[in-house]
file coords-v2.tsv (TSV, C-alpha atoms and all ligand atoms)
chain	number	residue	atom	x	y	z
P	1	MET	CA	-1.93	-28.12	18.06
P	2	ALA	CA	-3.23	-24.63	18.95
P	3	SER	CA	-6.84	-23.83	18.03
P	4	SER	CA	-7.81	-21.03	15.69
P	5	SER	CA	-9.00	-18.84	18.56
P	6	GLU	CA	-5.72	-19.34	20.47
P	7	LEU	CA	-3.70	-18.53	17.35
P	8	ARG	CA	-5.86	-15.45	16.69
P	9	ARG	CA	-5.35	-14.14	20.22
P	10	ARG	CA	-1.57	-14.70	20.00
P	11	PHE	CA	-1.56	-13.05	16.57
P	12	ALA	CA	-3.37	-9.94	17.88
P	13	ASP	CA	-1.05	-9.83	20.92
P	14	ALA	CA	2.03	-10.06	18.68
P	15	LEU	CA	0.78	-7.22	16.45
P	16	TRP	CA	0.15	-5.19	19.63
P	17	ARG	CA	3.66	-5.86	21.00
P	18	GLU	CA	5.23	-4.88	17.66
P	19	GLY	CA	3.32	-1.60	17.82
P	20	ALA	CA	1.32	-2.39	14.65
P	21	ILE	CA	-1.87	-2.20	16.74
P	22	THR	CA	-2.32	0.47	19.40
P	23	ARG	CA	-6.13	0.60	19.78
P	24	PRO	CA	-7.95	-2.03	21.86
P	25	GLU	CA	-10.93	-2.28	19.47
P	26	VAL	CA	-8.57	-3.05	16.58
P	27	ALA	CA	-6.79	-5.73	18.66
P	28	GLU	CA	-10.19	-7.18	19.53
P	29	ALA	CA	-11.19	-7.31	15.84
P	30	PHE	CA	-8.00	-9.23	14.94
P	31	ALA	CA	-8.61	-11.58	17.87
P	32	THR	CA	-12.23	-12.14	16.80
P	33	VAL	CA	-12.36	-12.56	12.99
P	34	PRO	CA	-11.01	-15.92	11.77
P	35	ARG	CA	-8.68	-15.12	8.85
P	36	GLU	CA	-8.76	-18.73	7.63
P	37	ALA	CA	-12.46	-18.34	6.75
P	38	PHE	CA	-11.39	-15.92	3.99
P	39	VAL	CA	-8.79	-18.18	2.35
P	40	THR	CA	-10.60	-21.53	2.37
P	41	ASP	CA	-9.30	-22.47	-1.11
P	42	GLY	CA	-5.66	-22.07	0.00
P	43	PHE	CA	-3.15	-19.35	-0.89
P	44	HIS	CA	0.37	-18.57	-2.03
P	45	GLY	CA	2.75	-17.28	0.64
P	46	ARG	CA	5.05	-14.32	-0.09
P	47	ASP	CA	7.74	-16.70	-1.37
P	48	GLY	CA	5.23	-18.20	-3.83
P	49	THR	CA	4.78	-21.49	-1.93
P	50	TRP	CA	1.25	-22.88	-2.21
P	51	VAL	CA	-0.46	-23.60	1.11
P	52	ALA	CA	-3.42	-25.95	0.61
P	53	PRO	CA	-6.35	-25.84	3.03
P	54	ASP	CA	-5.57	-29.39	4.21
P	55	ALA	CA	-1.84	-28.69	4.74
P	56	GLY	CA	-0.61	-29.43	8.26
P	57	ASN	CA	0.76	-25.87	8.57
P	58	PHE	CA	-2.35	-24.17	7.16
P	59	LEU	CA	-3.47	-22.35	10.32
P	60	ASP	CA	0.08	-21.39	11.31
P	61	ALA	CA	0.62	-19.97	7.81
P	62	VAL	CA	-2.67	-18.05	8.02
P	63	TYR	CA	-1.66	-16.42	11.31
P	64	THR	CA	1.60	-14.91	10.11
P	65	ASN	CA	2.15	-11.23	9.51
P	66	ASP	CA	2.26	-11.78	5.79
P	67	VAL	CA	0.28	-11.27	2.62
P	68	LEU	CA	-1.72	-14.37	1.49
P	69	VAL	CA	-2.07	-14.34	-2.30
P	70	THR	CA	-5.40	-15.86	-3.31
P	71	LYS	CA	-5.48	-15.28	-7.07
P	72	VAL	CA	-2.70	-15.28	-9.68
P	73	VAL	CA	-3.21	-14.56	-13.40
P	74	ASP	CA	-0.31	-15.08	-15.83
P	75	GLY	CA	2.14	-15.17	-12.93
P	76	ARG	CA	0.87	-11.90	-11.48
P	77	ALA	CA	-1.01	-11.65	-8.16
P	78	THR	CA	-4.46	-10.13	-8.75
P	79	SER	CA	-6.04	-10.65	-5.34
P	80	SER	CA	-4.86	-11.30	-1.81
P	81	SER	CA	-5.36	-10.78	1.88
P	82	SER	CA	-2.93	-7.93	2.61
P	83	GLN	CA	-0.21	-7.98	5.27
P	84	PRO	CA	-1.95	-7.75	8.67
P	85	SER	CA	0.36	-5.08	10.15
P	86	LEU	CA	-0.42	-2.87	7.15
P	87	MET	CA	-4.16	-3.57	7.48
P	88	ALA	CA	-3.91	-2.65	11.16
P	89	ALA	CA	-2.02	0.59	10.42
P	90	MET	CA	-4.61	1.57	7.82
P	91	ILE	CA	-7.60	0.71	10.01
P	92	GLU	CA	-6.09	2.72	12.87
P	93	ALA	CA	-5.45	5.67	10.54
P	94	LEU	CA	-9.19	5.65	9.70
P	95	ASP	CA	-9.98	6.54	13.31
P	96	LEU	CA	-13.19	4.48	13.28
P	97	THR	CA	-15.91	4.74	15.89
P	98	PRO	CA	-19.12	2.69	15.99
P	99	GLY	CA	-21.36	3.78	13.11
P	100	THR	CA	-18.58	5.33	10.97
P	101	ARG	CA	-19.64	4.87	7.32
P	102	VAL	CA	-16.78	3.35	5.33
P	103	LEU	CA	-16.35	2.62	1.63
P	104	GLU	CA	-13.58	0.12	0.86
P	105	VAL	CA	-12.22	-0.13	-2.68
P	106	GLY	CA	-10.72	-3.61	-3.20
P	107	ALA	CA	-12.82	-6.13	-1.24
P	108	GLY	CA	-10.42	-8.99	-2.07
P	109	THR	CA	-11.04	-11.80	0.40
P	110	GLY	CA	-13.39	-9.65	2.52
P	111	TYR	CA	-11.20	-10.04	5.63
P	112	ASN	CA	-10.36	-6.32	6.00
P	113	ALA	CA	-14.03	-5.41	5.58
P	114	ALA	CA	-14.96	-7.91	8.29
P	115	LEU	CA	-12.30	-6.48	10.64
P	116	MET	CA	-13.63	-2.95	10.14
P	117	ALA	CA	-17.25	-4.12	10.60
P	118	THR	CA	-16.22	-5.84	13.85
P	119	THR	CA	-15.10	-2.47	15.27
P	120	GLY	CA	-18.66	-1.24	14.67
P	121	ALA	CA	-18.12	0.57	11.35
P	122	ARG	CA	-20.81	0.39	8.62
P	123	VAL	CA	-18.89	-1.01	5.68
P	124	THR	CA	-19.57	-1.05	1.94
P	125	THR	CA	-16.86	-2.80	-0.08
P	126	VAL	CA	-16.39	-3.03	-3.84
P	127	ASP	CA	-14.26	-5.33	-6.02
P	128	VAL	CA	-13.91	-5.42	-9.78
P	129	GLN	CA	-13.48	-9.21	-10.19
P	130	PRO	CA	-16.72	-11.28	-10.16
P	131	ASP	CA	-15.09	-14.52	-8.90
P	132	VAL	CA	-13.34	-12.59	-6.11
P	133	VAL	CA	-16.66	-11.04	-5.05
P	134	GLU	CA	-18.33	-14.47	-5.09
P	135	ARG	CA	-15.68	-15.94	-2.77
P	136	ALA	CA	-15.73	-12.87	-0.49
P	137	ALA	CA	-19.53	-13.13	-0.22
P	138	ALA	CA	-19.25	-16.77	0.91
P	139	ALA	CA	-16.54	-15.88	3.44
P	140	LEU	CA	-18.44	-12.93	4.89
P	141	SER	CA	-21.53	-15.08	5.34
P	142	ARG	CA	-19.38	-17.85	6.93
P	143	VAL	CA	-18.37	-15.41	9.70
P	144	SER	CA	-21.79	-13.66	9.77
P	145	ALA	CA	-20.22	-10.25	9.07
P	146	THR	CA	-22.58	-7.40	8.24
P	147	VAL	CA	-20.93	-5.90	5.17
P	148	ASP	CA	-22.45	-4.51	1.98
P	149	LEU	CA	-20.37	-6.24	-0.74
P	150	GLN	CA	-20.66	-5.00	-4.34
P	151	LEU	CA	-19.22	-5.83	-7.76
P	152	GLY	CA	-17.91	-2.86	-9.71
P	153	ASP	CA	-14.93	-0.76	-10.72
P	154	GLY	CA	-13.98	1.13	-7.57
P	155	TYR	CA	-13.23	4.25	-9.64
P	156	ALA	CA	-16.97	4.96	-9.44
P	157	GLY	CA	-17.09	4.46	-5.67
P	158	TRP	CA	-20.52	3.19	-4.67
P	159	PRO	CA	-22.98	6.12	-4.86
P	160	ALA	CA	-25.92	4.12	-3.47
P	161	GLY	CA	-24.22	3.88	-0.06
P	162	ALA	CA	-22.98	7.51	0.09
P	163	PRO	CA	-22.18	9.64	1.97
P	164	TYR	CA	-19.15	7.96	3.58
P	165	ASP	CA	-17.08	9.28	6.47
P	166	ARG	CA	-14.07	7.38	5.17
P	167	VAL	CA	-12.92	5.82	1.89
P	168	ILE	CA	-10.18	3.18	2.29
P	169	VAL	CA	-8.44	1.86	-0.79
P	170	THR	CA	-6.69	-1.52	-0.44
P	171	VAL	CA	-5.22	-1.74	-3.93
P	172	GLY	CA	-2.42	0.38	-5.40
P	173	VAL	CA	-3.73	3.33	-7.42
P	174	ALA	CA	-2.16	6.16	-9.41
P	175	GLY	CA	-4.48	8.73	-7.87
P	176	THR	CA	-7.75	9.52	-6.15
P	177	SER	CA	-11.05	9.26	-7.98
P	178	PRO	CA	-12.99	12.57	-7.88
P	179	LEU	CA	-16.10	10.42	-7.32
P	180	TRP	CA	-14.78	9.27	-3.91
P	181	LEU	CA	-14.48	12.92	-2.88
P	182	ASP	CA	-18.03	13.58	-4.16
P	183	GLN	CA	-19.25	10.70	-1.98
P	184	LEU	CA	-17.50	11.91	1.19
P	185	ALA	CA	-19.46	13.38	4.09
P	186	PRO	CA	-18.22	16.77	5.40
P	187	GLY	CA	-15.01	16.26	7.37
P	188	GLY	CA	-14.36	12.88	5.74
P	189	PHE	CA	-11.16	11.71	4.08
P	190	VAL	CA	-9.73	9.10	1.74
P	191	LEU	CA	-6.92	6.74	2.74
P	192	ALA	CA	-5.24	5.32	-0.35
P	193	PRO	CA	-1.95	3.73	-1.46
P	194	ILE	CA	-0.95	6.10	-4.27
P	195	ARG	CA	1.85	5.23	-6.68
P	196	HIS	CA	5.06	7.01	-5.81
P	197	ALA	CA	8.55	6.10	-6.95
P	198	GLY	CA	7.75	2.47	-7.78
P	199	HIS	CA	5.73	1.79	-4.60
P	200	HIS	CA	2.32	2.59	-3.20
P	201	PRO	CA	2.78	4.48	0.08
P	202	VAL	CA	-0.44	5.19	1.95
P	203	LEU	CA	-1.65	8.80	1.79
P	204	ARG	CA	-4.51	10.61	3.49
P	205	ILE	CA	-6.38	12.78	0.99
P	206	ALA	CA	-8.99	15.38	1.87
P	207	PRO	CA	-10.82	18.15	0.06
P	208	GLY	CA	-9.75	21.65	1.06
P	209	PRO	CA	-11.44	25.00	0.59
P	210	ASP	CA	-12.38	26.24	-2.91
P	211	GLY	CA	-12.28	22.83	-4.61
P	212	THR	CA	-8.62	22.15	-3.73
P	213	VAL	CA	-7.47	18.68	-2.70
P	214	HIS	CA	-4.47	17.93	-0.45
P	215	ALA	CA	-2.60	14.80	0.63
P	216	VAL	CA	-0.28	13.94	3.51
P	217	GLY	CA	1.95	10.88	3.85
P	218	VAL	CA	0.84	8.18	6.30
P	219	CYS	CA	3.16	5.18	5.96
P	220	PRO	CA	5.27	3.28	3.43
P	221	ALA	CA	3.51	0.34	1.75
P	222	GLY	CA	3.49	-1.92	-1.28
P	223	PHE	CA	0.28	-3.04	-3.01
P	224	MET	CA	-0.71	-4.75	-6.24
P	225	SER	CA	-1.90	-2.28	-8.91
P	226	ALA	CA	-5.58	-1.59	-9.56
P	227	ALA	CA	-7.36	-2.34	-12.81
P	228	GLY	CA	-8.89	0.43	-14.94
P	229	PRO	CA	-8.56	4.21	-14.79
P	230	LEU	CA	-7.27	4.11	-11.20
P	231	SER	CA	-3.92	2.94	-12.62
P	232	ALA	CA	-3.66	5.51	-15.41
P	233	VAL	CA	-0.14	6.57	-16.36
P	234	TYR	CA	-0.08	10.36	-16.72
P	235	PRO	CA	2.57	12.81	-17.94
P	236	GLY	CA	5.13	13.43	-15.19
P	237	ALA	CA	4.35	10.15	-13.39
P	238	HIS	CA	7.29	8.22	-11.96
P	239	PRO	CA	8.67	5.69	-14.46
P	240	LEU	CA	7.43	2.11	-14.11
P	241	GLY	CA	10.57	0.22	-13.11
P	242	GLY	CA	11.10	-3.48	-12.62
P	243	ALA	CA	13.57	-4.55	-15.30
P	244	PRO	CA	17.05	-5.41	-13.99
P	245	LEU	CA	19.63	-2.66	-14.50
P	246	PRO	CA	22.92	-3.51	-16.24
P	247	PRO	CA	25.95	-4.32	-14.04
P	248	PRO	CA	27.32	-1.24	-12.23
P	249	ALA	CA	29.96	0.83	-13.98
P	250	VAL	CA	30.36	3.28	-11.07
P	251	SER	CA	30.05	2.61	-7.33
P	252	HIS	CA	29.87	5.11	-4.47
P	253	PRO	CA	30.73	3.77	-0.99
P	254	THR	CA	28.38	2.84	1.83
P	255	ARG	CA	27.47	5.60	4.31
P	256	PHE	CA	25.01	4.10	6.85
P	257	ASP	CA	26.41	1.71	9.46
P	258	PRO	CA	24.29	-0.14	10.39
P	259	PRO	CA	22.28	0.02	7.16
P	260	LEU	CA	18.85	1.67	7.29
P	261	ASP	CA	16.14	-0.73	8.41
P	262	VAL	CA	13.31	-1.41	5.98
P	263	PHE	CA	11.13	1.45	7.32
P	264	ARG	CA	13.90	4.08	7.25
P	265	TYR	CA	14.97	2.86	3.79
P	266	HIS	CA	11.43	3.48	2.56
P	267	ASP	CA	11.44	6.90	4.25
P	268	MET	CA	14.57	7.77	2.26
P	269	TRP	CA	13.06	6.25	-0.90
P	270	PHE	CA	9.91	8.38	-0.48
P	271	ALA	CA	12.00	11.55	-0.15
P	272	LEU	CA	14.01	10.74	-3.27
P	273	GLY	CA	10.71	10.23	-5.13
P	274	ALA	CA	9.43	13.58	-3.83
P	275	TRP	CA	12.52	15.38	-5.12
P	276	ASP	CA	13.16	13.49	-8.35
P	277	ALA	CA	10.47	11.97	-10.59
P	278	ARG	CA	13.06	9.55	-12.11
P	279	THR	CA	12.93	7.61	-8.80
P	280	SER	CA	11.44	4.13	-9.09
P	281	TYR	CA	12.16	0.49	-8.36
P	282	ALA	CA	14.75	-1.67	-10.13
P	283	GLN	CA	16.19	-5.14	-9.75
P	284	THR	CA	19.86	-5.96	-9.49
P	285	PRO	CA	21.48	-7.46	-12.59
P	286	ASP	CA	22.27	-10.73	-10.77
P	287	SER	CA	18.55	-11.67	-11.00
P	288	ALA	CA	18.69	-12.90	-7.39
P	289	GLY	CA	15.36	-11.16	-6.94
P	290	ASN	CA	16.96	-8.25	-5.06
P	291	GLY	CA	15.49	-4.93	-5.89
P	292	GLY	CA	15.78	-1.47	-4.55
P	293	CYS	CA	15.33	2.24	-4.93
P	294	ALA	CA	16.66	3.48	-8.27
P	295	LEU	CA	16.89	6.60	-10.37
P	296	LEU	CA	16.05	5.37	-13.86
P	297	ASP	CA	17.53	7.18	-16.83
P	298	GLU	CA	15.37	8.36	-19.75
P	299	THR	CA	15.50	4.92	-21.42
P	300	SER	CA	14.79	3.14	-18.09
P	301	GLY	CA	17.69	0.88	-19.18
P	302	GLY	CA	20.22	2.37	-16.77
P	303	GLY	CA	20.59	4.86	-13.95
P	304	ALA	CA	21.60	4.41	-10.32
P	305	THR	CA	20.52	2.10	-7.51
P	306	ILE	CA	20.58	3.39	-3.92
P	307	TRP	CA	20.98	0.67	-1.27
P	308	PRO	CA	19.95	0.60	2.43
P	309	ASP	CA	23.59	1.11	3.48
P	310	GLY	CA	23.69	4.29	1.36
P	311	ALA	CA	25.92	2.80	-1.35
P	312	VAL	CA	25.09	3.89	-4.89
P	313	ASP	CA	25.67	1.83	-8.06
P	314	GLY	CA	25.53	3.68	-11.38
P	315	SER	CA	24.94	1.73	-14.59
P	316	GLY	CA	24.18	2.23	-18.28
P	317	PRO	CA	25.32	5.03	-20.59
P	318	HIS	CA	24.81	7.81	-18.00
P	319	ALA	CA	26.13	5.85	-14.99
P	320	GLN	CA	28.39	8.62	-13.68
P	321	MET	CA	25.80	11.35	-13.95
P	322	TYR	CA	23.03	9.28	-12.32
P	323	ALA	CA	25.29	8.04	-9.51
P	324	GLU	CA	26.19	11.64	-8.65
P	325	ARG	CA	22.57	12.73	-8.84
P	326	ALA	CA	21.54	9.83	-6.53
P	327	SER	CA	24.29	10.54	-4.01
P	328	GLY	CA	23.28	14.20	-3.98
P	329	LEU	CA	19.70	13.22	-3.14
P	330	VAL	CA	20.84	10.97	-0.29
P	331	ASP	CA	22.94	13.88	1.06
P	332	ARG	CA	19.87	16.10	0.84
P	333	TRP	CA	17.77	13.56	2.80
P	334	VAL	CA	20.42	13.38	5.55
P	335	ALA	CA	20.82	17.18	5.64
P	336	SER	CA	17.02	17.53	5.94
P	337	GLY	CA	17.03	15.47	9.15
P	338	ARG	CA	16.07	12.15	7.48
P	339	PRO	CA	12.33	12.95	7.21
P	340	ALA	CA	9.84	10.06	7.39
P	341	VAL	CA	6.80	9.57	5.13
P	342	PRO	CA	4.35	11.46	7.43
P	343	ALA	CA	6.53	14.60	7.17
P	344	TRP	CA	5.43	15.14	3.55
P	345	ARG	CA	2.39	16.95	2.09
P	346	THR	CA	1.25	18.01	-1.35
P	347	PRO	CA	-1.57	19.70	-3.19
P	348	MET	CA	-3.23	17.36	-5.70
P	349	THR	CA	-3.92	18.11	-9.36
P	350	LEU	CA	-6.38	16.51	-11.76
P	351	ASP	CA	-4.70	14.24	-14.33
P	352	GLY	CA	-5.04	10.71	-15.73
P	353	GLU	CA	-7.41	9.68	-18.52
P	354	PRO	CA	-9.49	12.65	-19.77
P	355	ALA	CA	-12.73	10.65	-19.51
P	356	ASN	CA	-11.92	9.34	-16.02
P	357	PRO	CA	-9.54	11.82	-14.37
P	358	ILE	CA	-7.78	11.21	-11.06
P	359	TRP	CA	-6.27	13.56	-8.48
P	360	VAL	CA	-2.50	13.00	-8.36
P	361	PRO	CA	0.23	14.50	-6.12
P	362	ASP	CA	1.52	17.74	-7.59
P	363	ASP	CA	4.32	19.21	-5.47
P	364	TRP	CA	5.63	17.29	-2.45
P	365	ARG	CA	6.96	19.54	0.32
P	366	LEU	CA	8.17	18.92	3.84
P	367	ALA	CA	5.81	20.20	6.49
P	368	PRO	CA	7.16	23.49	7.89
L	1	LIG	C1	-4.88	-6.56	-2.11
L	1	LIG	S1	-6.47	-7.07	-2.62
L	1	LIG	C2	-7.49	-6.34	-1.37
L	1	LIG	C3	-7.37	-7.01	-0.02
L	1	LIG	C4	-8.67	-6.99	0.73
L	1	LIG	N1	-9.02	-5.71	1.26
L	1	LIG	C5	-8.71	-8.07	1.81
L	1	LIG	O1	-8.96	-7.77	2.96
L	1	LIG	O2	-8.54	-9.23	1.46
L	1	LIG	C6	-6.81	-5.96	-3.96
L	1	LIG	C7	-8.17	-6.16	-4.59
L	1	LIG	O3	-8.45	-5.00	-5.37
L	1	LIG	C8	-9.27	-5.40	-6.44
L	1	LIG	N2	-9.26	-4.36	-7.49
L	1	LIG	C9	-8.32	-4.11	-8.45
L	1	LIG	N3	-8.70	-3.07	-9.20
L	1	LIG	C10	-9.90	-2.66	-8.74
L	1	LIG	C11	-10.81	-1.64	-9.11
L	1	LIG	N4	-10.55	-0.83	-10.14
L	1	LIG	N5	-11.95	-1.52	-8.41
L	1	LIG	C12	-12.24	-2.35	-7.36
L	1	LIG	N6	-11.43	-3.33	-6.97
L	1	LIG	C13	-10.27	-3.48	-7.64
L	1	LIG	C14	-8.67	-6.72	-6.88
L	1	LIG	O4	-9.62	-7.47	-7.60
L	1	LIG	C15	-8.25	-7.34	-5.55
L	1	LIG	O5	-9.21	-8.25	-5.11

call {"tool": "encode", "arguments": {"input": "coords-v2.tsv", "output": "structure tokens", "more": "lines below"}}
Ligand SMILES: C[S@@+](CC[C@H](N)C(=O)[O-])C[C@H]1O[C@@H](n2cnc3c(N)ncnc32)[C@H](O)[C@@H]1O
result
Amino acid sequence: MASSSELRRRFADALWREGAITRPEVAEAFATVPREAFVTDGFHGRDGTWVAPDAGNFLDAVYTNDVLVTKVVDGRATSSSSQPSLMAAMIEALDLTPGTRVLEVGAGTGYNAALMATTGARVTTVDVQPDVVERAAAALSRVSATVDLQLGDGYAGWPAGAPYDRVIVTVGVAGTSPLWLDQLAPGGFVLAPIRHAGHHPVLRIAPGPDGTVHAVGVCPAGFMSAAGPLSAVYPGAHPLGGAPLPPPAVSHPTRFDPPLDVFRYHDMWFALGAWDARTSYAQTPDSAGNGGCALLDETSGGGATIWPDGAVDGSGPHAQMYAERASGLVDRWVASGRPAVPAWRTPMTLDGEPANPIWVPDDWRLAP
């Protein structure tokens, strides 16, 4: 059986070969920090299977490019170690150098904080759940990582450690806390998965001149939603999907052969969300667990689903109208040259709860 250090090295090499890691210091961090030290109580795999710490496949399951869910409340995941390729993409997008001051919102297991600290960054990390913080503290001390771990609602940032060169958010949020921007050093930026069309793509947010705030797309992603004001639903937000749509009453044919791969599908999905705020996520009526990009009608009980092969299924009372609207948006994406997530930018506007406002995307446009 391969040792942890062999598995780690292979894991880092595999992420490098896939292109998820391109910087040597990030590869070195993945090859150095033992992920199993952060999930010592076991975890649920993506398919929900429980992997106990004494299971024969424990280490192999730890060193997969997959999310490890470490806490579930009422059937809903509330803490996890995120998917490594996504962690790598986000760490690389931070452009860390030794001494970079980083605030992480969403400490979770502590693994991502330890990876960043291993590259030489000075990391403060905050989590809102006391038991999660307790376990992360034990894990960080197990691997002797130098990380400032704090309990608190990440909306407030962590003023005692400010200023930060970077704020990285590892939980899905509806917008950017103004307090993170207050705690940024000049030239700094926030990297956060901000709710968009039923997902949480990663955006890079930075203050501009005269108090303005702007965001650009970085990469598609899915995250669990944050607690508290960071998840506020505001007027004009995309609808919260999830419920299965009724069986299709109208179907438009496929148009992509082969179908879009998962990344290109999410590029198309992002564009539809930028152009139409009715874009969200919906499940198929067969309850096979399949879900996809959908335009939800005003009752969220019908609309149109857009599939990776470009087929469109309309359902509910406005099936015809929504299917046509969805097909028109797919045409527009193709005619625009199939832009990817990083092609998009937007000014941000202050919205959310009046007492705890958040900066949210205002007007997505393609970069000229
Ligand atoms: C996907 S996990 C973070 C993964 C983590 N970075 C790691 O390496 O394991 C998301 C975490 O965000 C935390 N969280 C949710 N809402 C929060 C909030 N308002 N402030 C701070 N943390 C929050 C959850 O408790 C959870 O542990």

call {"tool": "axis_aligned_box", "arguments": {"input": "coords-v2.tsv", "around": "ligand LIG 1 (chain L)", "padding_each_side": "8 Å", "output": "AutoDock Vina command-line options"}}
result
--center_x -8.6 --center_y -5.0 --center_z -3.6 --size_x 23.4 --size_y 24.4 --size_z 29.1

call {"tool": "closest_residue", "arguments": {"input": "coords-v2.tsv", "among": "P:Arg23, P:Arg195, P:Arg135, P:Arg122", "to": "ligand LIG 1 (chain L)", "atoms": "only C-alpha atoms and all ligand atoms"}}
result
P:Arg135

call {"tool": "residues_near_ligand", "arguments": {"input": "coords-v2.tsv", "ligand": "ligand LIG 1 (chain L)", "cutoff": "6 Å", "atoms": "only C-alpha atoms and all ligand atoms", "output": "number ranges by chain"}}
result
P: 78-82, 105-112, 126-129, 153-155, 170-171, 226-228

call {"tool": "residues_around", "arguments": {"input": "coords-v2.tsv", "residues": "Tyr265 of chain P", "least_positions_apart": "4", "cutoff": "12 Å", "atoms": "all atoms listed in the file", "output": "mmCIF file with C-alpha atoms, keeping the file's coordinate frame"}}
result
data_model
loop_
_atom_site.group_PDB
_atom_site.id
_atom_site.type_symbol
_atom_site.label_atom_id
_atom_site.label_comp_id
_atom_site.auth_asym_id
_atom_site.auth_seq_id
_atom_site.Cartn_x
_atom_site.Cartn_y
_atom_site.Cartn_z
ATOM 1 C CA PRO P 220 5.270 3.280 3.430
ATOM 2 C CA ALA P 221 3.510 0.340 1.750
ATOM 3 C CA PHE P 256 25.010 4.100 6.850
ATOM 4 C CA PRO P 258 24.290 -0.140 10.390
ATOM 5 C CA PRO P 259 22.280 0.020 7.160
ATOM 6 C CA LEU P 260 18.850 1.670 7.290
ATOM 7 C CA ASP P 261 16.140 -0.730 8.410
ATOM 8 C CA TRP P 269 13.060 6.250 -0.900
ATOM 9 C CA PHE P 270 9.910 8.380 -0.480
ATOM 10 C CA ALA P 271 12.000 11.550 -0.150
ATOM 11 C CA LEU P 272 14.010 10.740 -3.270
ATOM 12 C CA GLY P 292 15.780 -1.470 -4.550
ATOM 13 C CA CYS P 293 15.330 2.240 -4.930
ATOM 14 C CA ILE P 306 20.580 3.390 -3.920
ATOM 15 C CA TRP P 307 20.980 0.670 -1.270
ATOM 16 C CA PRO P 308 19.950 0.600 2.430
ATOM 17 C CA ASP P 309 23.590 1.110 3.480
ATOM 18 C CA GLY P 310 23.690 4.290 1.360
ATOM 19 C CA VAL P 330 20.840 10.970 -0.290
ATOM 20 C CA TRP P 333 17.770 13.560 2.800
ATOM 21 C CA VAL P 334 20.420 13.380 5.550
ATOM 22 C CA ARG P 338 16.070 12.150 7.480
ATOM 23 C CA PRO P 339 12.330 12.950 7.210
ATOM 24 C CA ALA P 340 9.840 10.060 7.390
ATOM 25 C CA VAL P 341 6.800 9.570 5.130
#

call {"tool": "residues_around", "arguments": {"input": "coords-v2.tsv", "residues": "Leu115 of chain P", "least_positions_apart": "4", "cutoff": "9 Å", "atoms": "all atoms listed in the file", "output": "number ranges by chain"}}
result
P: 26, 29-30, 32-33, 91, 110-111, 119, 145

call {"tool": "atom_distance", "arguments": {"input": "coords-v2.tsv", "atom1": "atom CA of Glu92 of chain P", "atom2": "atom CA of Ile205 of chain P"}}
result
15.6 Å

call {"tool": "closest_residue", "arguments": {"input": "coords-v2.tsv", "among": "P:Ala137, P:Ile21, P:Ala294, P:Ala156", "to": "Ala197 of chain P", "atoms": "all atoms listed in the file"}}
result
P:Ala294

call {"tool": "residues_near_point", "arguments": {"input": "coords-v2.tsv", "point": "(4.0, 9.8, -12.0)", "cutoff": "8 Å", "atoms": "all atoms listed in the file", "output": "ChimeraX atom specification"}}
result
/P:174,195-197,233-239,277

call {"tool": "atom_distance", "arguments": {"input": "coords-v2.tsv", "atom1": "atom CA of Ala311 of chain P", "atom2": "atom CA of Ala343 of chain P"}}
result
24.2 Å

call {"tool": "atom_distance", "arguments": {"input": "coords-v2.tsv", "atom1": "atom CA of Leu245 of chain P", "atom2": "atom CA of Gly175 of chain P"}}
result
27.5 Å

call {"tool": "closest_residue", "arguments": {"input": "coords-v2.tsv", "among": "P:Tyr281, P:Trp16, P:Trp275, P:Trp344", "to": "Arg204 of chain P", "atoms": "all atoms listed in the file"}}
result
P:Trp344

call {"tool": "closest_residue", "arguments": {"input": "coords-v2.tsv", "among": "P:Val147, P:Ala89, P:Ala117, P:Met224", "to": "Lys71 of chain P", "atoms": "all atoms listed in the file"}}
result
P:Met224

call {"tool": "closest_residue", "arguments": {"input": "coords-v2.tsv", "among": "P:Asp54, P:Ala12, P:Pro34, P:Thr125", "to": "Ser144 of chain P", "atoms": "only C-alpha atoms"}}
result
P:Pro34

call {"tool": "closest_residue", "arguments": {"input": "coords-v2.tsv", "among": "P:Leu329, P:Ala31, P:Leu184, P:Leu295", "to": "Arg10 of chain P", "atoms": "all atoms listed in the file"}}
result
P:Ala31

call {"tool": "residues_around", "arguments": {"input": "coords-v2.tsv", "residues": "Met321 of chain P", "least_positions_apart": "4", "cutoff": "12 Å", "atoms": "all atoms listed in the file", "output": "mmCIF file with C-alpha atoms, in the coordinates of the input"}}
result
data_model
loop_
_atom_site.group_PDB
_atom_site.id
_atom_site.type_symbol
_atom_site.label_atom_id
_atom_site.label_comp_id
_atom_site.auth_asym_id
_atom_site.auth_seq_id
_atom_site.Cartn_x
_atom_site.Cartn_y
_atom_site.Cartn_z
ATOM 1 C CA ALA P 249 29.960 0.830 -13.980
ATOM 2 C CA VAL P 250 30.360 3.280 -11.070
ATOM 3 C CA SER P 251 30.050 2.610 -7.330
ATOM 4 C CA LEU P 295 16.890 6.600 -10.370
ATOM 5 C CA LEU P 296 16.050 5.370 -13.860
ATOM 6 C CA ASP P 297 17.530 7.180 -16.830
ATOM 7 C CA GLY P 302 20.220 2.370 -16.770
ATOM 8 C CA GLY P 303 20.590 4.860 -13.950
ATOM 9 C CA ALA P 304 21.600 4.410 -10.320
ATOM 10 C CA VAL P 312 25.090 3.890 -4.890
ATOM 11 C CA ASP P 313 25.670 1.830 -8.060
ATOM 12 C CA GLY P 314 25.530 3.680 -11.380
ATOM 13 C CA SER P 315 24.940 1.730 -14.590
ATOM 14 C CA GLY P 316 24.180 2.230 -18.280
ATOM 15 C CA PRO P 317 25.320 5.030 -20.590
ATOM 16 C CA ARG P 325 22.570 12.730 -8.840
ATOM 17 C CA ALA P 326 21.540 9.830 -6.530
ATOM 18 C CA SER P 327 24.290 10.540 -4.010
ATOM 19 C CA GLY P 328 23.280 14.200 -3.980
#
